[in-house]
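Below is one structure, written out as structure tokens; comments come after it.
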Amino acid sequence: MPSALVTGITGQDGLYLAELLLAKGYDVHGLIRGQNNPRREVVQALVPEVRLHTGDLTDMSSVVRAVRESQPDEVYNLGAISFVAYSWQNAALTTDVTGKGVLTVLEAVRLHGGDDPSAVRFYQASSSEMFGKAQEVPQRETTRLWPRSPYGVAKAFGHHMTVNYRESYGMHASSGILFNHESPRRGPEFVTRKITRAVARIHLGLQDELVLGNLDARRDWGYAGDYVEAMWLMLQQEQPDDYVIATGETHSVREFVEAAFAHVGIDDWARYVRLSEEFRRPAEVHELVGDATRARERLAWKPQVGFVELVSMMVENDLKEQSRR
Ligand code: NAP
Ligand code: G4F
């Protein structure tokens with residue numbers, strides 16, 4: 001039975017990836033941080049087979065211990081402070097966790113491999129946020145990085161470090177440059193879930209308005225369940241590499257709002273939406289759209305869930321969740 005260690009197990013992607021790996025017969029281990037983490041219960045309810053190891057990406061010895069205890073064939077580093085807006089308020093912490101944390105995991109994996117640094121395969125959760133002020137449309141693996149947030153800068157560090165460990169030590173280290181991916185498990189601070197939850201609550205008469213920032217920002221939104229499959233496929237390749245994972249379609253926040261309201265039969269959505277400076281960013285990433293040709297050709301990966309289906313899935317989930325309250 002192959003064994004995998006997943007950092008960020010309590011997050012959106014960690015949960016989908018754990019389900020995928022369990023279905024493939026893996027012995028799945030997860031790194032969980034903090035004393036009495038409230039998300040522990042969510043993991044235990046959804047994927048009770050996962051064995052949890054206490055640790056933090058800022059604490060090298062806890063990561064080394066988790067690697068030793070889980071004896072992994074594959075390590076997926078999904079742990080991060082992942083909310084871009086928050087990263088301006090906590091830039092140093094974001095750098096430590098989202099940036100330096102990658103080096104910590106790479107070192108733990110390298111040391112564990114002993115004489116054979118490629119013995120344990122490593123996946124790094126890189127991000128399209130690294131492209132920031134995009135220098136090319138669509139963005140591909142070779143597009144120059146121009147991050148626009150402390151989060152993007154930290155991800156760029158982790159990305160380059162992953163490439164460097166592959167080149168320096170011959171590690172089987174791959175980096176997935178994933179564009180935005182969403183699901184009913186998305187955190188409520190991200191714009192998609194904020195919208196679908198508010199639309200459900202407005203439809204049910206529980207809320208009057210939805211307050212947003214920049215409606216003109218455009219993102220390449222896919223479904224998280226499709227994207228974790230790509231992570232696994234990267235580690236099954238003989239050679240490690242970097243892969244853009246994206247749908248190739250871009251939509252504005254406004255289009256997302258429109259589609260979410262349309263799902264509950266509201267066309268005059270503007271009367272429910274108020275704009276506030278509070279949700280605008282010091283530096284915006286205006287438009288992202290990815291070219292996943294390499295993933296399609298080498299991994300035979302392609303997204304299964306389209307934009308409207310994704311929005312509908314999220315609104316339906318929030319209608320059910322909010323009706324139960
Ligand atoms: P998420 O839901 O925010 O999950 C982040 C995970 O990181 C949580 O499990 C969190 O644990 C953990 N974490 C935070 N600080 C930590 C620390 N100091 N030590 C150990 N773990 C820590 O993020 P996601 O959407 O699943 O994304 C997974 C990864 O992909 C992240 O690295 C993200 O930056 C990257 N990514 C995401 C997207 C996207 O669109 N979703 C796109 C590109 C890249 P707690 O429960 O303890 O907070
Ligand atoms: O949903 P968001 O917060 O996601 P963002 O910043 O694109 O980051 C997500 O995707 C990255 C991949 O590119 C990941 F690496 C990262 O971890 C995260 O998962 O914001 C999307 C867009 C932004 O342009 C933002 O300015 O929506 C705009 N927006 C407008 N009003 C808002 C709001 N974003 C949020 N969170 N809340 C608003 O009220």
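For the structure tokens, the naming scheme is as follows: chains receive sequential letters (A, B, ...) according to their order of presentation, residues are indexed from 1 within each chain, and ligands are indexed from 1 in presentation order.
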Protein and nucleic residues near ligand 1, 8 Å, only C-alpha atoms and all ligand atoms, as a ChimeraX atom specification: /A:7-15,31-34,37-40,55-58,77-83,97-98,101,124-129,155,177-182,185-187,221,224
Print the selection's residues with C-alpha atoms to a file, as a short mmCIF file (atom, residue, chain, number, x, y, z; two decimals), in the first residue's frame.
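Once written, result-v9.cif looks like this:
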```cif
data_model
loop_
_atom_site.label_atom_id
_atom_site.label_comp_id
_atom_site.auth_asym_id
_atom_site.auth_seq_id
_atom_site.Cartn_x
_atom_site.Cartn_y
_atom_site.Cartn_z
CA THR A 7 0.12 19.10 4.57
CA GLY A 8 -2.93 21.39 4.55
CA ILE A 9 -5.18 18.36 5.15
CA THR A 10 -7.92 20.51 6.74
CA GLY A 11 -8.20 22.79 3.69
CA GLN A 12 -10.38 22.55 0.58
CA ASP A 13 -7.79 20.71 -1.53
CA GLY A 14 -6.46 18.58 1.35
CA LEU A 15 -9.90 17.02 1.84
CA LEU A 31 -0.19 17.24 9.07
CA ILE A 32 -2.51 19.22 11.35
CA ARG A 33 -1.49 22.31 13.27
CA GLY A 34 -2.48 23.91 16.53
CA ASN A 37 -7.77 22.64 15.76
CA PRO A 38 -11.53 23.02 15.08
CA ARG A 39 -11.04 21.58 11.57
CA ARG A 40 -9.90 18.24 13.03
CA GLY A 55 2.85 19.79 13.26
CA ASP A 56 3.33 23.22 11.79
CA LEU A 57 5.14 24.36 8.65
CA THR A 58 7.08 26.87 10.74
CA ASN A 77 2.66 20.26 0.35
CA LEU A 78 -0.71 22.02 0.32
CA GLY A 79 -0.35 23.85 3.64
CA ALA A 80 -0.21 27.65 3.36
CA ILE A 81 -1.72 30.91 4.44
CA SER A 82 -3.70 31.05 1.22
CA PHE A 83 -5.89 34.17 1.45
CA VAL A 97 4.40 29.69 6.29
CA THR A 98 3.68 29.95 2.56
CA GLY A 101 7.46 26.40 4.89
CA GLN A 124 4.34 21.80 -4.31
CA ALA A 125 1.08 23.77 -4.47
CA SER A 126 2.26 26.70 -6.58
CA SER A 127 -0.20 29.33 -7.73
CA SER A 128 -1.26 31.44 -10.70
CA GLU A 129 -1.08 34.37 -8.26
CA LYS A 155 4.59 31.29 -3.52
CA ILE A 177 0.84 26.07 -10.96
CA LEU A 178 -2.84 25.92 -10.21
CA PHE A 179 -5.29 28.60 -11.26
CA ASN A 180 -8.24 29.40 -8.97
CA HIS A 181 -10.28 26.34 -8.11
CA GLU A 182 -13.44 26.34 -6.09
CA ARG A 185 -15.74 23.31 0.47
CA ARG A 186 -14.16 26.65 -0.43
CA GLY A 187 -13.47 28.94 2.55
CA TRP A 221 -12.07 29.32 -12.20
CA ALA A 224 -11.17 21.66 -6.99
#
```
What do you get as a ChimeraX atom specification if you pick all residues at most 7 Å from ligand 2, counting only C-alpha atoms and all ligand atoms? /A:82-85,127-129,178-180,189-192,194,211-215,217-219,253,279-281,284-286
Same residues, N, CA and C atoms, saved as a PDB file, in the first residue's frame:
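Below is the file selection.pdb, written as the result:
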```pdb
ATOM      1  N   SER A  82      -3.355  31.028   2.645  1.00  0.00           N
ATOM      2  CA  SER A  82      -3.703  31.051   1.220  1.00  0.00           C
ATOM      3  C   SER A  82      -4.599  32.213   0.812  1.00  0.00           C
ATOM      4  N   PHE A  83      -4.984  33.050   1.772  1.00  0.00           N
ATOM      5  CA  PHE A  83      -5.887  34.165   1.451  1.00  0.00           C
ATOM      6  C   PHE A  83      -5.059  35.407   1.103  1.00  0.00           C
ATOM      7  N   VAL A  84      -5.130  35.784  -0.159  1.00  0.00           N
ATOM      8  CA  VAL A  84      -4.279  36.852  -0.686  1.00  0.00           C
ATOM      9  C   VAL A  84      -4.475  38.163   0.084  1.00  0.00           C
ATOM     10  N   ALA A  85      -5.723  38.551   0.340  1.00  0.00           N
ATOM     11  CA  ALA A  85      -5.994  39.829   1.019  1.00  0.00           C
ATOM     12  C   ALA A  85      -5.336  39.862   2.403  1.00  0.00           C
ATOM     13  N   SER A 127       1.046  28.594  -7.464  1.00  0.00           N
ATOM     14  CA  SER A 127      -0.202  29.327  -7.732  1.00  0.00           C
ATOM     15  C   SER A 127      -0.095  30.280  -8.910  1.00  0.00           C
ATOM     16  N   SER A 128      -1.201  30.453  -9.615  1.00  0.00           N
ATOM     17  CA  SER A 128      -1.263  31.436 -10.704  1.00  0.00           C
ATOM     18  C   SER A 128      -1.101  32.859 -10.171  1.00  0.00           C
ATOM     19  N   GLU A 129      -1.293  33.043  -8.858  1.00  0.00           N
ATOM     20  CA  GLU A 129      -1.081  34.370  -8.258  1.00  0.00           C
ATOM     21  C   GLU A 129       0.370  34.822  -8.484  1.00  0.00           C
ATOM     22  N   LEU A 178      -1.394  26.052 -10.095  1.00  0.00           N
ATOM     23  CA  LEU A 178      -2.835  25.921 -10.207  1.00  0.00           C
ATOM     24  C   LEU A 178      -3.523  27.284 -10.245  1.00  0.00           C
ATOM     25  N   PHE A 179      -4.447  27.417 -11.198  1.00  0.00           N
ATOM     26  CA  PHE A 179      -5.295  28.603 -11.262  1.00  0.00           C
ATOM     27  C   PHE A 179      -6.447  28.384 -10.280  1.00  0.00           C
ATOM     28  N   ASN A 180      -7.199  29.469 -10.018  1.00  0.00           N
ATOM     29  CA  ASN A 180      -8.239  29.404  -8.969  1.00  0.00           C
ATOM     30  C   ASN A 180      -9.138  28.178  -9.154  1.00  0.00           C
ATOM     31  N   GLU A 189     -14.131  33.170   2.943  1.00  0.00           N
ATOM     32  CA  GLU A 189     -13.443  34.451   2.728  1.00  0.00           C
ATOM     33  C   GLU A 189     -13.131  34.683   1.246  1.00  0.00           C
ATOM     34  N   PHE A 190     -13.131  33.623   0.447  1.00  0.00           N
ATOM     35  CA  PHE A 190     -12.821  33.767  -0.982  1.00  0.00           C
ATOM     36  C   PHE A 190     -14.069  34.237  -1.734  1.00  0.00           C
ATOM     37  N   VAL A 191     -13.868  34.973  -2.825  1.00  0.00           N
ATOM     38  CA  VAL A 191     -14.991  35.696  -3.420  1.00  0.00           C
ATOM     39  C   VAL A 191     -16.110  34.775  -3.907  1.00  0.00           C
ATOM     40  N   THR A 192     -15.742  33.613  -4.466  1.00  0.00           N
ATOM     41  CA  THR A 192     -16.786  32.732  -5.024  1.00  0.00           C
ATOM     42  C   THR A 192     -17.747  32.248  -3.937  1.00  0.00           C
ATOM     43  N   LYS A 194     -18.112  33.493  -0.950  1.00  0.00           N
ATOM     44  CA  LYS A 194     -18.775  34.652  -0.340  1.00  0.00           C
ATOM     45  C   LYS A 194     -20.044  34.974  -1.150  1.00  0.00           C
ATOM     46  N   VAL A 211     -21.719  42.668  -0.081  1.00  0.00           N
ATOM     47  CA  VAL A 211     -20.755  43.771  -0.227  1.00  0.00           C
ATOM     48  C   VAL A 211     -19.455  43.227  -0.816  1.00  0.00           C
ATOM     49  N   LEU A 212     -19.050  43.797  -1.944  1.00  0.00           N
ATOM     50  CA  LEU A 212     -17.876  43.284  -2.660  1.00  0.00           C
ATOM     51  C   LEU A 212     -16.901  44.403  -3.006  1.00  0.00           C
ATOM     52  N   GLY A 213     -15.710  43.992  -3.488  1.00  0.00           N
ATOM     53  CA  GLY A 213     -14.697  44.952  -3.935  1.00  0.00           C
ATOM     54  C   GLY A 213     -14.732  45.097  -5.451  1.00  0.00           C
ATOM     55  N   ASN A 214     -13.669  44.675  -6.105  1.00  0.00           N
ATOM     56  CA  ASN A 214     -13.502  44.864  -7.544  1.00  0.00           C
ATOM     57  C   ASN A 214     -14.280  43.826  -8.365  1.00  0.00           C
ATOM     58  N   LEU A 215     -15.327  44.269  -9.039  1.00  0.00           N
ATOM     59  CA  LEU A 215     -16.143  43.329  -9.830  1.00  0.00           C
ATOM     60  C   LEU A 215     -15.513  43.034 -11.194  1.00  0.00           C
ATOM     61  N   ALA A 217     -12.278  42.251 -11.800  1.00  0.00           N
ATOM     62  CA  ALA A 217     -11.179  41.275 -11.806  1.00  0.00           C
ATOM     63  C   ALA A 217     -11.650  40.004 -12.508  1.00  0.00           C
ATOM     64  N   ARG A 218     -10.729  39.394 -13.256  1.00  0.00           N
ATOM     65  CA  ARG A 218     -11.082  38.193 -14.024  1.00  0.00           C
ATOM     66  C   ARG A 218     -10.204  37.026 -13.575  1.00  0.00           C
ATOM     67  N   ARG A 219     -10.844  35.872 -13.422  1.00  0.00           N
ATOM     68  CA  ARG A 219     -10.117  34.684 -12.996  1.00  0.00           C
ATOM     69  C   ARG A 219     -10.498  33.489 -13.869  1.00  0.00           C
ATOM     70  N   VAL A 253     -15.550  38.764 -11.872  1.00  0.00           N
ATOM     71  CA  VAL A 253     -16.306  38.587 -10.625  1.00  0.00           C
ATOM     72  C   VAL A 253     -17.775  38.930 -10.909  1.00  0.00           C
ATOM     73  N   PHE A 279     -12.928  45.975   0.426  1.00  0.00           N
ATOM     74  CA  PHE A 279     -12.564  44.709  -0.214  1.00  0.00           C
ATOM     75  C   PHE A 279     -11.691  44.879  -1.459  1.00  0.00           C
ATOM     76  N   ARG A 280     -11.163  46.106  -1.631  1.00  0.00           N
ATOM     77  CA  ARG A 280     -10.213  46.315  -2.734  1.00  0.00           C
ATOM     78  C   ARG A 280      -8.806  46.094  -2.204  1.00  0.00           C
ATOM     79  N   ARG A 281      -7.885  45.725  -3.068  1.00  0.00           N
ATOM     80  CA  ARG A 281      -6.530  45.355  -2.644  1.00  0.00           C
ATOM     81  C   ARG A 281      -5.511  46.428  -3.001  1.00  0.00           C
ATOM     82  N   GLU A 284      -3.850  44.916  -7.399  1.00  0.00           N
ATOM     83  CA  GLU A 284      -4.788  43.894  -7.886  1.00  0.00           C
ATOM     84  C   GLU A 284      -4.147  43.042  -8.990  1.00  0.00           C
ATOM     85  N   VAL A 285      -4.543  41.798  -9.055  1.00  0.00           N
ATOM     86  CA  VAL A 285      -4.239  40.950 -10.210  1.00  0.00           C
ATOM     87  C   VAL A 285      -5.485  41.036 -11.087  1.00  0.00           C
ATOM     88  N   HIS A 286      -5.374  41.736 -12.218  1.00  0.00           N
ATOM     89  CA  HIS A 286      -6.582  42.072 -12.971  1.00  0.00           C
ATOM     90  C   HIS A 286      -7.165  40.896 -13.752  1.00  0.00           C
TER      91      HIS A 286
END
```
May I have the residues within 12 Å of Leu5 in chain A as a PyMOL selection string, using only C-alpha atoms and disregarding those fewer than 5 positions away in the same chain? chain A and resi 14+17-18+21-22+26-32+50-53+63-79+105+108-109+120-123
With C-alpha atoms kept, could you save the residues just selected as a PDB file, in the first residue's frame?
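Final file, out-v5.pdb:
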```
ATOM      1  CA  GLY A  14      -6.464  18.577   1.349  1.00  0.00           C
ATOM      2  CA  LEU A  17      -6.956  14.932  -2.271  1.00  0.00           C
ATOM      3  CA  ALA A  18      -7.336  12.687   0.796  1.00  0.00           C
ATOM      4  CA  LEU A  21      -5.795   8.943  -2.455  1.00  0.00           C
ATOM      5  CA  LEU A  22      -7.931   6.758  -0.160  1.00  0.00           C
ATOM      6  CA  TYR A  26      -3.181   4.831  -0.249  1.00  0.00           C
ATOM      7  CA  ASP A  27      -2.393   4.929   3.433  1.00  0.00           C
ATOM      8  CA  VAL A  28      -3.042   8.663   3.946  1.00  0.00           C
ATOM      9  CA  HIS A  29      -1.410  10.829   6.609  1.00  0.00           C
ATOM     10  CA  GLY A  30      -2.104  14.486   7.302  1.00  0.00           C
ATOM     11  CA  LEU A  31      -0.189  17.241   9.068  1.00  0.00           C
ATOM     12  CA  ILE A  32      -2.513  19.220  11.348  1.00  0.00           C
ATOM     13  CA  VAL A  50      -6.594   9.600   7.518  1.00  0.00           C
ATOM     14  CA  ARG A  51      -3.951   9.447  10.265  1.00  0.00           C
ATOM     15  CA  LEU A  52      -3.244  12.890  11.665  1.00  0.00           C
ATOM     16  CA  HIS A  53       0.171  14.096  12.841  1.00  0.00           C
ATOM     17  CA  VAL A  63       7.590  18.236   9.962  1.00  0.00           C
ATOM     18  CA  VAL A  64      10.597  15.883  10.203  1.00  0.00           C
ATOM     19  CA  ARG A  65       8.699  13.826  12.785  1.00  0.00           C
ATOM     20  CA  ALA A  66       5.548  13.653  10.594  1.00  0.00           C
ATOM     21  CA  VAL A  67       7.665  12.426   7.660  1.00  0.00           C
ATOM     22  CA  ARG A  68       9.400   9.815   9.847  1.00  0.00           C
ATOM     23  CA  GLU A  69       6.104   8.581  11.301  1.00  0.00           C
ATOM     24  CA  SER A  70       4.271   8.376   7.987  1.00  0.00           C
ATOM     25  CA  GLN A  71       7.148   6.898   5.909  1.00  0.00           C
ATOM     26  CA  PRO A  72       5.643   8.443   2.764  1.00  0.00           C
ATOM     27  CA  ASP A  73       6.182   7.510  -0.863  1.00  0.00           C
ATOM     28  CA  GLU A  74       4.622  10.845  -1.799  1.00  0.00           C
ATOM     29  CA  VAL A  75       4.417  14.198   0.003  1.00  0.00           C
ATOM     30  CA  TYR A  76       1.867  16.819  -1.080  1.00  0.00           C
ATOM     31  CA  ASN A  77       2.659  20.256   0.349  1.00  0.00           C
ATOM     32  CA  LEU A  78      -0.714  22.023   0.323  1.00  0.00           C
ATOM     33  CA  GLY A  79      -0.349  23.852   3.643  1.00  0.00           C
ATOM     34  CA  VAL A 105       9.183  20.355   3.827  1.00  0.00           C
ATOM     35  CA  ALA A 108      12.575  17.087   5.605  1.00  0.00           C
ATOM     36  CA  VAL A 109      11.885  15.036   2.470  1.00  0.00           C
ATOM     37  CA  VAL A 120      10.059  10.295  -1.884  1.00  0.00           C
ATOM     38  CA  ARG A 121       8.076  12.188  -4.527  1.00  0.00           C
ATOM     39  CA  PHE A 122       7.171  15.779  -3.691  1.00  0.00           C
ATOM     40  CA  TYR A 123       4.339  18.027  -4.886  1.00  0.00           C
TER      41      TYR A 123
END
```
Using only C-alpha atoms, which of the listed residues (A:Ala119, A:Ala270, A:Leu206, A:Leu310) sits closest to Glu258 in chain A?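 Of A:Ala119, A:Ala270, A:Leu206, A:Leu310, the one nearest Glu258 in chain A is A:Ala270, counting only C-alpha atoms.
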Select, from A:Arg274, A:His251, A:Arg296, A:His203, the residue with the minimum atom-to-atom distance to Met234 in chain A, counting only C-alpha atoms.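 Using only C-alpha atoms, the shortest distance to Met234 in chain A belongs to A:Arg296.
Distance check against Pro184 in chain A using only C-alpha atoms: of A:Ala134, A:Ala45, A:Ile266, A:Val315, the minimum falls on A:Val315.
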Distance in Å - CA of Ser62 in chain A versus CA of Met171 in chain A: 21.5 Å
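The two atoms in question, CA of Leu103 in chain A and CA of Thr162 in chain A, are spaced 7.9 Å apart.
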Give me, please, the distance in Å between CA of Leu20 in chain A and CA of Glu229 in chain A, quoted to one decimal.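 Separation of CA of Leu20 in chain A and CA of Glu229 in chain A: 7.4 Å.
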Residue with the minimum atom-to-atom distance to Lys320 in chain A, picked from A:Arg197, A:Asp267, A:Glu278, A:Tyr227 with only C-alpha atoms counted, is A:Arg197
Excluding Glu249 in chain A and any residue of its chain fewer than 6 positions from it, enumerate the residues within 12 Å of it, using only C-alpha atoms, and give them as JSON, numbers by chain. {"A": [137, 138, 139, 179, 180, 218, 219, 220, 221, 222, 287, 288, 289, 290, 291, 292, 303, 305, 306, 307, 308]}
Those same residues - N, CA and C atoms - I'd like them written as an mmCIF file, in the first residue's frame.
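Result saved to selection_8.cif:
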```cif
data_model
loop_
_atom_site.group_PDB
_atom_site.id
_atom_site.type_symbol
_atom_site.label_atom_id
_atom_site.label_comp_id
_atom_site.auth_asym_id
_atom_site.auth_seq_id
_atom_site.Cartn_x
_atom_site.Cartn_y
_atom_site.Cartn_z
ATOM 1 N N VAL A 137 -0.478 36.397 -22.221
ATOM 2 C CA VAL A 137 -1.838 35.847 -22.146
ATOM 3 C C VAL A 137 -1.993 34.773 -23.225
ATOM 4 N N PRO A 138 -2.379 33.549 -22.890
ATOM 5 C CA PRO A 138 -2.585 33.017 -21.549
ATOM 6 C C PRO A 138 -1.249 32.729 -20.877
ATOM 7 N N GLN A 139 -1.289 32.461 -19.576
ATOM 8 C CA GLN A 139 -0.058 32.181 -18.837
ATOM 9 C C GLN A 139 0.264 30.689 -18.931
ATOM 10 N N PHE A 179 -4.447 27.417 -11.198
ATOM 11 C CA PHE A 179 -5.295 28.603 -11.262
ATOM 12 C C PHE A 179 -6.447 28.384 -10.280
ATOM 13 N N ASN A 180 -7.199 29.469 -10.018
ATOM 14 C CA ASN A 180 -8.239 29.404 -8.969
ATOM 15 C C ASN A 180 -9.138 28.178 -9.154
ATOM 16 N N ARG A 218 -10.729 39.394 -13.256
ATOM 17 C CA ARG A 218 -11.082 38.193 -14.024
ATOM 18 C C ARG A 218 -10.204 37.026 -13.575
ATOM 19 N N ARG A 219 -10.844 35.872 -13.422
ATOM 20 C CA ARG A 219 -10.117 34.684 -12.996
ATOM 21 C C ARG A 219 -10.498 33.489 -13.869
ATOM 22 N N ASP A 220 -9.575 32.514 -13.891
ATOM 23 C CA ASP A 220 -9.780 31.243 -14.579
ATOM 24 C C ASP A 220 -10.202 30.262 -13.484
ATOM 25 N N TRP A 221 -11.537 30.109 -13.319
ATOM 26 C CA TRP A 221 -12.071 29.319 -12.204
ATOM 27 C C TRP A 221 -12.395 27.888 -12.614
ATOM 28 N N GLY A 222 -11.803 26.919 -11.922
ATOM 29 C CA GLY A 222 -12.121 25.512 -12.156
ATOM 30 C C GLY A 222 -12.643 24.862 -10.883
ATOM 31 N N GLU A 287 -6.272 40.099 -14.351
ATOM 32 C CA GLU A 287 -6.806 39.017 -15.183
ATOM 33 C C GLU A 287 -5.856 37.822 -15.211
ATOM 34 N N LEU A 288 -6.414 36.645 -14.992
ATOM 35 C CA LEU A 288 -5.617 35.425 -15.113
ATOM 36 C C LEU A 288 -6.348 34.450 -16.033
ATOM 37 N N VAL A 289 -5.583 33.820 -16.899
ATOM 38 C CA VAL A 289 -6.133 32.730 -17.717
ATOM 39 C C VAL A 289 -4.961 31.819 -18.101
ATOM 40 N N GLY A 290 -5.142 30.519 -17.877
ATOM 41 C CA GLY A 290 -4.012 29.605 -18.034
ATOM 42 C C GLY A 290 -4.061 28.766 -19.301
ATOM 43 N N ASP A 291 -2.881 28.352 -19.730
ATOM 44 C CA ASP A 291 -2.747 27.438 -20.858
ATOM 45 C C ASP A 291 -2.227 26.101 -20.310
ATOM 46 N N ALA A 292 -3.114 25.118 -20.209
ATOM 47 C CA ALA A 292 -2.746 23.826 -19.596
ATOM 48 C C ALA A 292 -2.365 22.780 -20.649
ATOM 49 N N PRO A 303 -10.084 19.500 -17.437
ATOM 50 C CA PRO A 303 -11.141 19.758 -16.451
ATOM 51 C C PRO A 303 -12.471 19.161 -16.895
ATOM 52 N N VAL A 305 -15.534 19.951 -15.005
ATOM 53 C CA VAL A 305 -16.647 20.818 -14.590
ATOM 54 C C VAL A 305 -16.463 22.227 -15.151
ATOM 55 N N GLY A 306 -17.472 22.710 -15.854
ATOM 56 C CA GLY A 306 -17.421 24.049 -16.461
ATOM 57 C C GLY A 306 -17.910 25.126 -15.507
ATOM 58 N N PHE A 307 -17.814 26.386 -15.962
ATOM 59 C CA PHE A 307 -18.101 27.561 -15.123
ATOM 60 C C PHE A 307 -19.530 27.552 -14.555
ATOM 61 N N VAL A 308 -20.527 27.400 -15.424
ATOM 62 C CA VAL A 308 -21.928 27.483 -14.956
ATOM 63 C C VAL A 308 -22.236 26.322 -14.007
#
```
Where in range 120-281 of chain A does DSSP assign helix (DSSP H, G or I), given as a PyMOL selection string? chain A and resi 128-131+150-169+191-203+224-235+253-263+269-272+277-279
What residues in range 226-286 of chain A get the DSSP label strand (DSSP E)? Please answer as a ChimeraX atom specification. /A:242-245,251-252,273-275
